[in-house]
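Coordinates as given in work.txt (compact mmCIF, C-alpha atoms):
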```txt
# COMPACT_ATOMS: atom_id res chain seq x y z
CA MET A 40 23.29 41.01 22.22
CA THR A 41 19.82 40.72 23.73
CA GLU A 42 18.56 37.71 25.61
CA HIS A 43 16.24 35.45 23.65
CA ASN A 44 14.32 32.28 24.39
CA VAL A 45 16.16 29.87 22.11
CA PRO A 46 14.79 26.37 21.48
CA SER A 47 17.50 23.79 22.14
CA THR A 48 18.25 21.27 19.40
CA ALA A 49 21.56 19.91 20.64
CA GLN A 50 21.98 16.12 20.81
CA LYS A 51 18.45 15.46 19.59
CA LEU A 52 17.14 13.86 16.45
CA ILE A 53 15.34 16.09 13.95
CA TYR A 54 12.80 14.92 11.40
CA GLY A 55 13.51 16.29 7.93
CA CYS A 56 10.31 16.79 5.93
CA MET A 57 11.82 17.11 2.44
CA GLY A 58 10.43 13.72 1.39
CA LEU A 59 6.83 14.64 2.16
CA GLY A 60 4.35 15.98 -0.39
CA GLY A 61 4.80 13.83 -3.47
CA SER A 62 6.83 14.84 -6.52
CA TRP A 63 9.00 17.91 -7.16
CA SER A 64 6.66 18.91 -9.99
CA ASP A 65 3.85 21.46 -9.90
CA GLU A 66 1.33 18.62 -9.73
CA PRO A 67 -0.87 19.13 -6.65
CA HIS A 68 -0.53 16.85 -3.66
CA GLY A 69 -3.33 14.45 -2.78
CA THR A 70 -4.87 12.70 0.19
CA VAL A 71 -2.33 9.88 -0.08
CA HIS A 72 0.48 12.37 0.51
CA VAL A 73 -1.25 13.85 3.56
CA ASP A 74 -1.74 10.35 4.95
CA GLU A 75 1.94 9.58 4.33
CA ALA A 76 2.92 12.75 6.18
CA ALA A 77 0.64 11.89 9.10
CA ALA A 78 2.21 8.43 9.40
CA ALA A 79 5.71 9.92 9.32
CA VAL A 80 4.84 12.49 12.00
CA GLU A 81 3.34 9.79 14.21
CA ALA A 82 6.44 7.61 13.83
CA ALA A 83 8.74 10.55 14.56
CA LEU A 84 6.84 11.45 17.73
CA ALA A 85 6.96 7.82 18.85
CA ALA A 86 10.75 7.94 18.36
CA GLY A 87 10.97 10.96 20.65
CA ILE A 88 11.43 13.53 17.87
CA THR A 89 9.80 16.92 18.40
CA LEU A 90 11.62 19.21 15.93
CA PHE A 91 10.42 19.06 12.31
CA ASP A 92 12.59 20.60 9.60
CA HIS A 93 11.15 22.19 6.46
CA ALA A 94 12.18 24.54 3.65
CA ASP A 95 9.94 26.65 1.46
CA ILE A 96 11.25 24.91 -1.68
CA TYR A 97 10.79 21.29 -0.58
CA ARG A 98 8.56 19.59 -3.18
CA ARG A 99 7.89 23.13 -4.40
CA GLY A 100 6.04 24.00 -1.22
CA LYS A 101 4.07 20.77 -1.00
CA SER A 102 6.08 19.42 1.95
CA GLU A 103 4.94 22.35 4.06
CA ALA A 104 1.41 22.14 2.66
CA VAL A 105 0.81 18.48 3.58
CA PHE A 106 2.36 19.05 6.99
CA GLY A 107 0.02 21.98 7.49
CA GLU A 108 -2.94 19.76 6.73
CA VAL A 109 -1.71 17.25 9.32
CA LEU A 110 -1.41 20.05 11.89
CA ALA A 111 -4.89 21.33 11.11
CA ALA A 112 -6.38 17.86 11.45
CA THR A 113 -4.63 17.00 14.72
CA PRO A 114 -5.77 19.12 17.70
CA GLY A 115 -2.95 19.87 20.13
CA LEU A 116 -0.17 18.75 17.81
CA ARG A 117 1.32 22.22 17.28
CA GLY A 118 1.84 22.58 21.01
CA ARG A 119 3.77 19.31 21.18
CA ILE A 120 6.28 20.06 18.43
CA ARG A 121 8.69 22.69 17.17
CA LEU A 122 8.78 23.76 13.53
CA GLN A 123 11.80 24.90 11.58
CA THR A 124 11.81 26.12 8.00
CA LYS A 125 14.28 27.70 5.59
CA CYS A 126 14.24 30.43 2.99
CA GLY A 127 16.77 31.87 0.58
CA ILE A 128 16.58 29.62 -2.49
CA ARG A 129 14.33 30.45 -5.43
CA LEU A 130 13.61 27.69 -7.92
CA GLY A 131 13.38 28.70 -11.56
CA GLY A 132 13.46 32.15 -13.09
CA PRO A 133 14.47 33.63 -16.43
CA GLY A 134 17.17 31.32 -17.79
CA LEU A 135 17.88 29.84 -14.36
CA ALA A 136 17.14 26.55 -12.67
CA GLY A 137 17.43 28.40 -9.39
CA HIS A 138 19.21 31.18 -7.56
CA TYR A 139 19.68 32.56 -4.06
CA ASP A 140 17.81 35.51 -2.60
CA LEU A 141 18.27 36.77 0.96
CA SER A 142 16.94 40.25 0.31
CA ARG A 143 14.67 41.74 2.96
CA GLU A 144 11.62 41.58 0.72
CA SER A 145 12.27 37.95 -0.21
CA ILE A 146 12.76 36.78 3.38
CA LEU A 147 9.52 38.41 4.51
CA GLU A 148 7.59 37.12 1.51
CA ARG A 149 8.84 33.55 1.76
CA VAL A 150 8.31 33.27 5.50
CA GLY A 151 4.76 34.54 5.10
CA ALA A 152 4.07 31.92 2.43
CA SER A 153 5.58 29.16 4.60
CA LEU A 154 3.38 30.10 7.57
CA GLN A 155 0.33 30.01 5.35
CA ARG A 156 1.17 26.56 3.99
CA LEU A 157 2.05 25.23 7.46
CA GLN A 158 -1.17 26.67 8.86
CA THR A 159 0.60 28.14 11.87
CA ASP A 160 1.25 31.61 13.23
CA PHE A 161 4.98 31.13 13.79
CA VAL A 162 7.98 28.89 13.29
CA ASP A 163 10.30 28.17 16.18
CA VAL A 164 13.43 28.49 14.03
CA LEU A 165 14.06 30.11 10.64
CA LEU A 166 17.20 29.03 8.78
CA LEU A 167 18.77 31.02 5.96
CA HIS A 168 19.14 28.20 3.46
CA ARG A 169 22.35 29.07 1.59
CA PRO A 170 24.76 32.01 1.42
CA ASP A 171 23.67 34.63 -1.11
CA PRO A 172 26.69 36.52 -2.51
CA LEU A 173 24.46 39.56 -3.07
CA THR A 174 23.36 39.63 0.56
CA ASP A 175 23.21 42.98 2.33
CA VAL A 176 23.60 41.85 5.93
CA ALA A 177 21.78 44.95 7.14
CA GLU A 178 18.75 43.88 5.09
CA VAL A 179 18.83 40.41 6.58
CA ALA A 180 19.05 41.87 10.07
CA ALA A 181 16.10 44.16 9.35
CA ALA A 182 13.97 41.27 8.06
CA VAL A 183 14.88 39.04 11.01
CA GLY A 184 14.18 41.84 13.46
CA GLN A 185 10.75 42.43 11.93
CA LEU A 186 9.84 38.73 11.96
CA LEU A 187 10.90 38.39 15.59
CA ALA A 188 9.00 41.51 16.61
CA GLU A 189 5.86 40.23 14.86
CA GLY A 190 6.19 36.85 16.56
CA LYS A 191 6.39 34.98 13.26
CA VAL A 192 9.85 33.60 14.04
CA ARG A 193 11.26 32.79 17.46
CA ALA A 194 14.90 32.06 16.63
CA ILE A 195 17.26 32.36 13.68
CA GLY A 196 19.79 29.95 12.21
CA VAL A 197 21.64 29.24 8.99
CA SER A 198 22.41 26.37 6.65
CA ASN A 199 25.53 25.59 4.62
CA MET A 200 27.53 28.46 6.10
CA SER A 201 31.09 28.73 7.40
CA GLY A 202 32.04 30.09 10.79
CA ALA A 203 33.23 33.33 9.19
CA GLN A 204 29.93 33.79 7.36
CA ILE A 205 27.97 33.18 10.55
CA GLN A 206 30.11 35.71 12.41
CA ALA A 207 29.53 38.36 9.73
CA LEU A 208 25.79 37.83 10.12
CA GLN A 209 25.93 37.64 13.90
CA ASP A 210 27.67 41.02 14.06
CA ARG A 211 24.47 42.66 12.77
CA LEU A 212 21.85 40.57 14.57
CA GLU A 213 20.35 41.34 17.95
CA VAL A 214 19.72 37.66 18.68
CA PRO A 215 22.06 34.64 18.61
CA VAL A 216 22.36 32.37 15.59
CA VAL A 217 21.22 29.07 17.11
CA ALA A 218 21.89 26.48 14.40
CA ASN A 219 23.93 25.68 11.31
CA GLN A 220 22.69 22.84 9.10
CA LEU A 221 25.38 21.05 7.10
CA GLU A 222 25.68 17.75 5.25
CA MET A 223 27.43 15.47 7.74
CA SER A 224 27.55 11.69 7.83
CA LEU A 225 29.90 8.73 7.83
CA LEU A 226 29.90 9.10 4.03
CA LYS A 227 30.19 12.89 3.79
CA ARG A 228 33.11 13.44 6.14
CA ALA A 229 34.79 16.65 4.96
CA TRP A 230 33.76 18.30 8.24
CA LEU A 231 35.72 15.62 10.10
CA GLU A 232 38.59 14.89 7.73
CA SER A 233 39.53 18.57 7.63
CA THR A 234 40.27 18.51 11.36
CA VAL A 235 43.10 15.97 11.00
CA LEU A 236 44.41 16.74 7.52
CA VAL A 237 45.88 20.15 8.25
CA ASN A 238 49.32 20.33 6.62
CA HIS A 239 48.71 17.03 4.84
CA ALA A 240 48.50 16.28 1.11
CA GLU A 241 45.15 14.52 1.53
CA SER A 242 43.56 17.81 2.57
CA LEU A 243 43.19 18.63 -1.15
CA ASP A 244 40.63 15.81 -1.41
CA TYR A 245 38.24 17.55 0.99
CA SER A 246 36.67 20.98 0.94
CA PHE A 247 35.42 22.30 4.26
CA PRO A 248 36.00 25.71 5.87
CA HIS A 249 38.44 25.30 8.74
CA GLY A 250 37.26 26.57 12.07
CA THR A 251 33.53 26.17 11.40
CA LEU A 252 33.00 23.36 13.90
CA GLU A 253 35.09 25.21 16.45
CA TYR A 254 33.19 28.46 15.86
CA CYS A 255 29.84 26.74 16.32
CA ALA A 256 30.97 24.97 19.50
CA SER A 257 32.38 28.19 20.99
CA ASN A 258 29.27 30.23 20.18
CA GLY A 259 26.50 27.81 21.06
CA VAL A 260 25.49 27.16 17.45
CA THR A 261 23.95 23.69 17.16
CA LEU A 262 25.23 21.65 14.23
CA GLN A 263 22.34 19.96 12.42
CA ALA A 264 23.45 17.13 10.12
CA TYR A 265 21.40 16.54 6.99
CA GLY A 266 22.02 13.38 4.95
CA ALA A 267 22.93 11.77 8.28
CA LEU A 268 21.95 8.24 7.21
CA ALA A 269 24.10 8.41 4.06
CA ARG A 270 20.97 7.68 2.01
CA GLY A 271 20.96 4.08 3.20
CA LEU A 272 24.37 3.28 1.72
CA TYR A 273 25.48 1.33 4.80
CA THR A 274 22.09 -0.03 5.89
CA GLY A 275 20.80 -2.03 2.96
CA ALA A 276 20.15 0.53 0.24
CA GLY A 277 23.60 0.55 -1.27
CA PRO A 278 24.50 -0.21 -4.91
CA ASP A 279 24.82 -3.71 -6.29
CA ASP A 280 28.55 -3.15 -6.81
CA PRO A 281 29.74 -1.21 -3.74
CA THR A 282 33.35 -0.16 -3.34
CA ALA A 283 35.51 -2.16 -0.97
CA ALA A 284 35.22 0.61 1.65
CA GLU A 285 31.44 0.79 1.29
CA ALA A 286 31.01 -2.98 1.63
CA ALA A 287 33.35 -3.16 4.63
CA THR A 288 31.59 -0.26 6.33
CA ALA A 289 28.14 -1.79 5.83
CA GLU A 290 29.44 -5.02 7.34
CA LEU A 291 30.93 -3.18 10.33
CA VAL A 292 27.73 -1.18 10.89
CA ALA A 293 25.75 -4.44 10.96
CA GLU A 294 28.28 -6.00 13.34
CA LEU A 295 28.07 -3.06 15.75
CA ALA A 296 24.28 -3.09 15.54
CA ARG A 297 24.31 -6.73 16.68
CA GLU A 298 26.83 -5.97 19.43
CA HIS A 299 24.75 -3.09 20.79
CA SER A 300 21.40 -4.84 20.20
CA THR A 301 20.20 -2.04 17.97
CA THR A 302 19.78 -1.05 14.32
CA GLY A 303 22.26 0.04 11.70
CA GLU A 304 20.50 3.40 11.52
CA ALA A 305 21.06 3.97 15.24
CA VAL A 306 24.75 3.10 14.81
CA LEU A 307 25.22 5.67 12.05
CA LEU A 308 23.38 8.39 13.96
CA GLY A 309 25.07 7.46 17.22
CA TRP A 310 28.45 7.83 15.50
CA LEU A 311 27.56 11.43 14.65
CA MET A 312 26.10 12.18 18.06
CA LYS A 313 29.17 10.89 19.89
CA HIS A 314 31.25 13.73 18.43
CA PRO A 315 31.70 16.42 21.11
CA ALA A 316 30.41 19.14 18.76
CA GLY A 317 26.88 18.14 19.82
CA ILE A 318 25.58 17.17 16.38
CA ALA A 319 21.80 16.85 15.92
CA PRO A 320 21.12 14.46 13.00
CA VAL A 321 18.29 15.17 10.56
CA ILE A 322 16.37 12.05 9.49
CA GLY A 323 14.89 12.33 6.02
CA THR A 324 13.16 9.00 5.43
CA VAL A 325 9.37 8.82 5.04
CA ASN A 326 9.30 5.12 5.99
CA PRO A 327 7.79 4.79 9.50
CA ALA A 328 9.77 1.61 10.20
CA ARG A 329 13.03 3.31 9.32
CA ILE A 330 12.11 6.33 11.44
CA ALA A 331 11.53 3.96 14.36
CA ALA A 332 14.91 2.34 13.68
CA CYS A 333 16.58 5.66 14.53
CA ALA A 334 15.12 6.02 18.02
CA ASP A 335 18.02 4.30 19.82
CA ALA A 336 20.72 6.64 18.49
CA ALA A 337 21.40 8.61 21.69
CA ARG A 338 21.90 5.43 23.72
CA VAL A 339 24.24 4.03 21.08
CA ALA A 340 26.25 7.26 21.12
CA ARG A 341 26.79 6.85 24.85
CA ALA A 342 27.65 3.16 24.58
CA MET A 343 29.95 3.33 21.56
CA THR A 344 33.61 3.03 22.49
CA ARG A 345 36.36 5.26 21.14
CA ALA A 346 37.81 2.27 19.26
CA GLN A 347 34.42 1.55 17.65
CA TRP A 348 33.97 5.19 16.66
CA TYR A 349 37.40 5.35 15.06
CA GLY A 350 36.89 1.93 13.49
CA LEU A 351 33.83 3.20 11.61
CA TRP A 352 35.71 6.29 10.43
CA VAL A 353 38.80 4.42 9.21
CA THR A 354 36.73 1.74 7.50
CA ALA A 355 34.59 4.34 5.72
CA ARG A 356 37.60 6.30 4.51
CA GLY A 357 39.20 3.11 3.20
CA SER A 358 42.65 3.96 4.53
CA ASN A 359 44.41 4.56 7.81
CA LEU A 360 44.55 7.97 9.40
CA PRO A 361 47.70 9.99 8.69
```
Please render this file's structure as structure tokens.
Amino acid sequence: MTEHNVPSTAQKLIYGCMGLGGSWSDEPHGTVHVDEAAAAVEAALAAGITLFDHADIYRRGKSEAVFGEVLAATPGLRGRIRLQTKCGIRLGGPGLAGHYDLSRESILERVGASLQRLQTDFVDVLLLHRPDPLTDVAEVAAAVGQLLAEGKVRAIGVSNMSGAQIQALQDRLEVPVVANQLEMSLLKRAWLESTVLVNHAESLDYSFPHGTLEYCASNGVTLQAYGALARGLYTGAGPDDPTAAEAATAELVAELAREHSTTGEAVLLGWLMKHPAGIAPVIGTVNPARIAACADAARVARAMTRAQWYGLWVTARGSNLP
């Protein structure tokens, strides 16, 4: 495997840009959406965030487009940040709401379109968005090699893949896979539950490929957690009739926030970041105040005790550990 200058993402917050750009329709974005993106970027930078996560399909390309307008209007911004985007999902098609496409031609086409919308010459990291059962790994390797050689991509990663799938890809690549983006939060805990439910009946309630966390840790693959804030479930945006576990968890999050003189958002993110796998949470809110509320997460991760960490887990699962 050749040496490559890989941008580090471990133990850092990432700003997820999926909420930028207006609706998911084909309706064009407007000035208000560019202004919203600019405010989100400013808040993220103030919170110490420098990696911005995109995908070619977000808001049907409008997320990248409004971000590109912010970049173009802000001299020096591109040099202060890192950009990450994804390809591999196609929305629509004959008789389909969407399908996956990691063919060589598709990867090259979609990356080119993303660069144009983002108004930049390169992205720091390209993630393959979802596994495509029709993937020819040699084609993926050829596309990645071409993009790296042309300077359009500086590192490669994946999303929603198991350790075995990453290894199959890595066997054909000349550069390391640097990241794997998965849904991980105090709500979506299959990644965690699976580690303690081996040989236990409860394991049937969770679906997560065993060994993926261990593979990523052993091979320097940063785990990026999307949905990290559980869509506000525990920090004030929950339903009017929460379950007993949801209500108790929200109460505990608030209690720990008071104890650590911080926010509920920082508690949730700190809980993820305390895990030794080196999880980098992705923040998806467009609300500048809520982005700012996340800034304290790394400190909270260091300050959180083992008992507090386990207390959040057990409360969220609504039952004791086996």
**OP:** Name the residues within 10 Å of (37.6, 17.8, 10.4), counting only C-alpha atoms in the file's coordinates, and put them as number ranges by chain.
**Re:** A: 228-237, 242, 245, 247-253
What does the file look like for those residues with C-alpha atoms, as a PDB file, keeping the file's coordinate frame?
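What follows is the written file selection-v7.pdb:
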```pdb
ATOM      1  CA  ARG A 228      33.110  13.440   6.140  1.00  0.00           C
ATOM      2  CA  ALA A 229      34.790  16.650   4.960  1.00  0.00           C
ATOM      3  CA  TRP A 230      33.760  18.300   8.240  1.00  0.00           C
ATOM      4  CA  LEU A 231      35.720  15.620  10.100  1.00  0.00           C
ATOM      5  CA  GLU A 232      38.590  14.890   7.730  1.00  0.00           C
ATOM      6  CA  SER A 233      39.530  18.570   7.630  1.00  0.00           C
ATOM      7  CA  THR A 234      40.270  18.510  11.360  1.00  0.00           C
ATOM      8  CA  VAL A 235      43.100  15.970  11.000  1.00  0.00           C
ATOM      9  CA  LEU A 236      44.410  16.740   7.520  1.00  0.00           C
ATOM     10  CA  VAL A 237      45.880  20.150   8.250  1.00  0.00           C
ATOM     11  CA  SER A 242      43.560  17.810   2.570  1.00  0.00           C
ATOM     12  CA  TYR A 245      38.240  17.550   0.990  1.00  0.00           C
ATOM     13  CA  PHE A 247      35.420  22.300   4.260  1.00  0.00           C
ATOM     14  CA  PRO A 248      36.000  25.710   5.870  1.00  0.00           C
ATOM     15  CA  HIS A 249      38.440  25.300   8.740  1.00  0.00           C
ATOM     16  CA  GLY A 250      37.260  26.570  12.070  1.00  0.00           C
ATOM     17  CA  THR A 251      33.530  26.170  11.400  1.00  0.00           C
ATOM     18  CA  LEU A 252      33.000  23.360  13.900  1.00  0.00           C
ATOM     19  CA  GLU A 253      35.090  25.210  16.450  1.00  0.00           C
TER      20      GLU A 253
END
```
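Here the question is which of A:Ala83, A:Ala337, A:Ile146, A:Ala194 gets nearest to Gly317 of chain A using all atoms listed in the file, and that residue is A:Ala337.
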Original post:
To one decimal place, how far is atom CA of Leu243 of chain A from atom CA of Leu268 of chain A in Å?
Top reply: 25.1 Å
Per-residue nearest contacts of segment 306-337 of chain A to segment 199-219 of chain A (12 Å; only C-alpha atoms) as a Markdown table:
```
| residue | atom | partner | partner_atom | distance |
| --- | --- | --- | --- | --- |
| A:Ala316 | CA | A:Asn219 | CA | 11.8 |
| A:Gly317 | CA | A:Ala218 | CA | 11.1 |
| A:Ile318 | CA | A:Asn219 | CA | 10.0 |
| A:Ala319 | CA | A:Ala218 | CA | 9.7 |
| A:Pro320 | CA | A:Asn219 | CA | 11.7 |
| A:Val321 | CA | A:Asn219 | CA | 12.0 |
```
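For the set A:Val176, A:Ala355, A:Leu225, A:Val292, the residue with the smallest atom-to-atom gap to Arg143 of chain A is A:Val176, counting only C-alpha atoms.
Among A:Ala256, A:Tyr273, A:Arg129, A:His168, the residue with the shortest atom-to-atom distance to Leu221 of chain A, counting only C-alpha atoms, is A:His168.
Comparing the minimum interatomic distances between Val162 of chain A and each of A:Glu222, A:Asp92, A:Glu241, A:Glu148, counting all atoms listed in the file, we find that A:Asp92 sits nearest.
For the pair atom CA of Ser62 of chain A and atom CA of Tyr139 of chain A, the separation is 22.0 Å.
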Original post:
Which protein, DNA or RNA residues are at most 12 Å from (10.8, 25.2, 17.4) in the file's coordinates when you count only C-alpha atoms, listed as number ranges by chain?
Top reply: A: 44-48, 53, 88-93, 117-124, 159, 161-166, 191-196, 217-218
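The residue that comes closest to Cys255 of chain A, out of A:Gln220, A:Leu272, A:Arg169, A:Ala283 and on the basis of only C-alpha atoms, is A:Gln220.
Separating atom CA of Gly115 of chain A from atom CA of Val197 of chain A is a distance of 28.6 Å.
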**OP:** Measuring atom to atom with all atoms listed in the file, identify which of A:Pro315, A:Gly323, A:Pro170, A:Pro361 is nearest to Gly266 of chain A.
**Re:** A:Gly323
**OP:** Write out as a ChimeraX atom specification which residues come within 10 Å of segment 296-299 of chain A when counting only C-alpha atoms, dropping same-chain ones fewer than 4 positions away.
**Re:** /A:290-292,303-307,338-339,342-343
Original post:
Skipping near chain neighbours, those fewer than 6 positions away, what residues fall within 9 Å of Cys56 of chain A using all atoms listed in the file, listed as a PyMOL selection string?
Top reply: chain A and resi 76+79+91-94+97+102-103+106+322-325
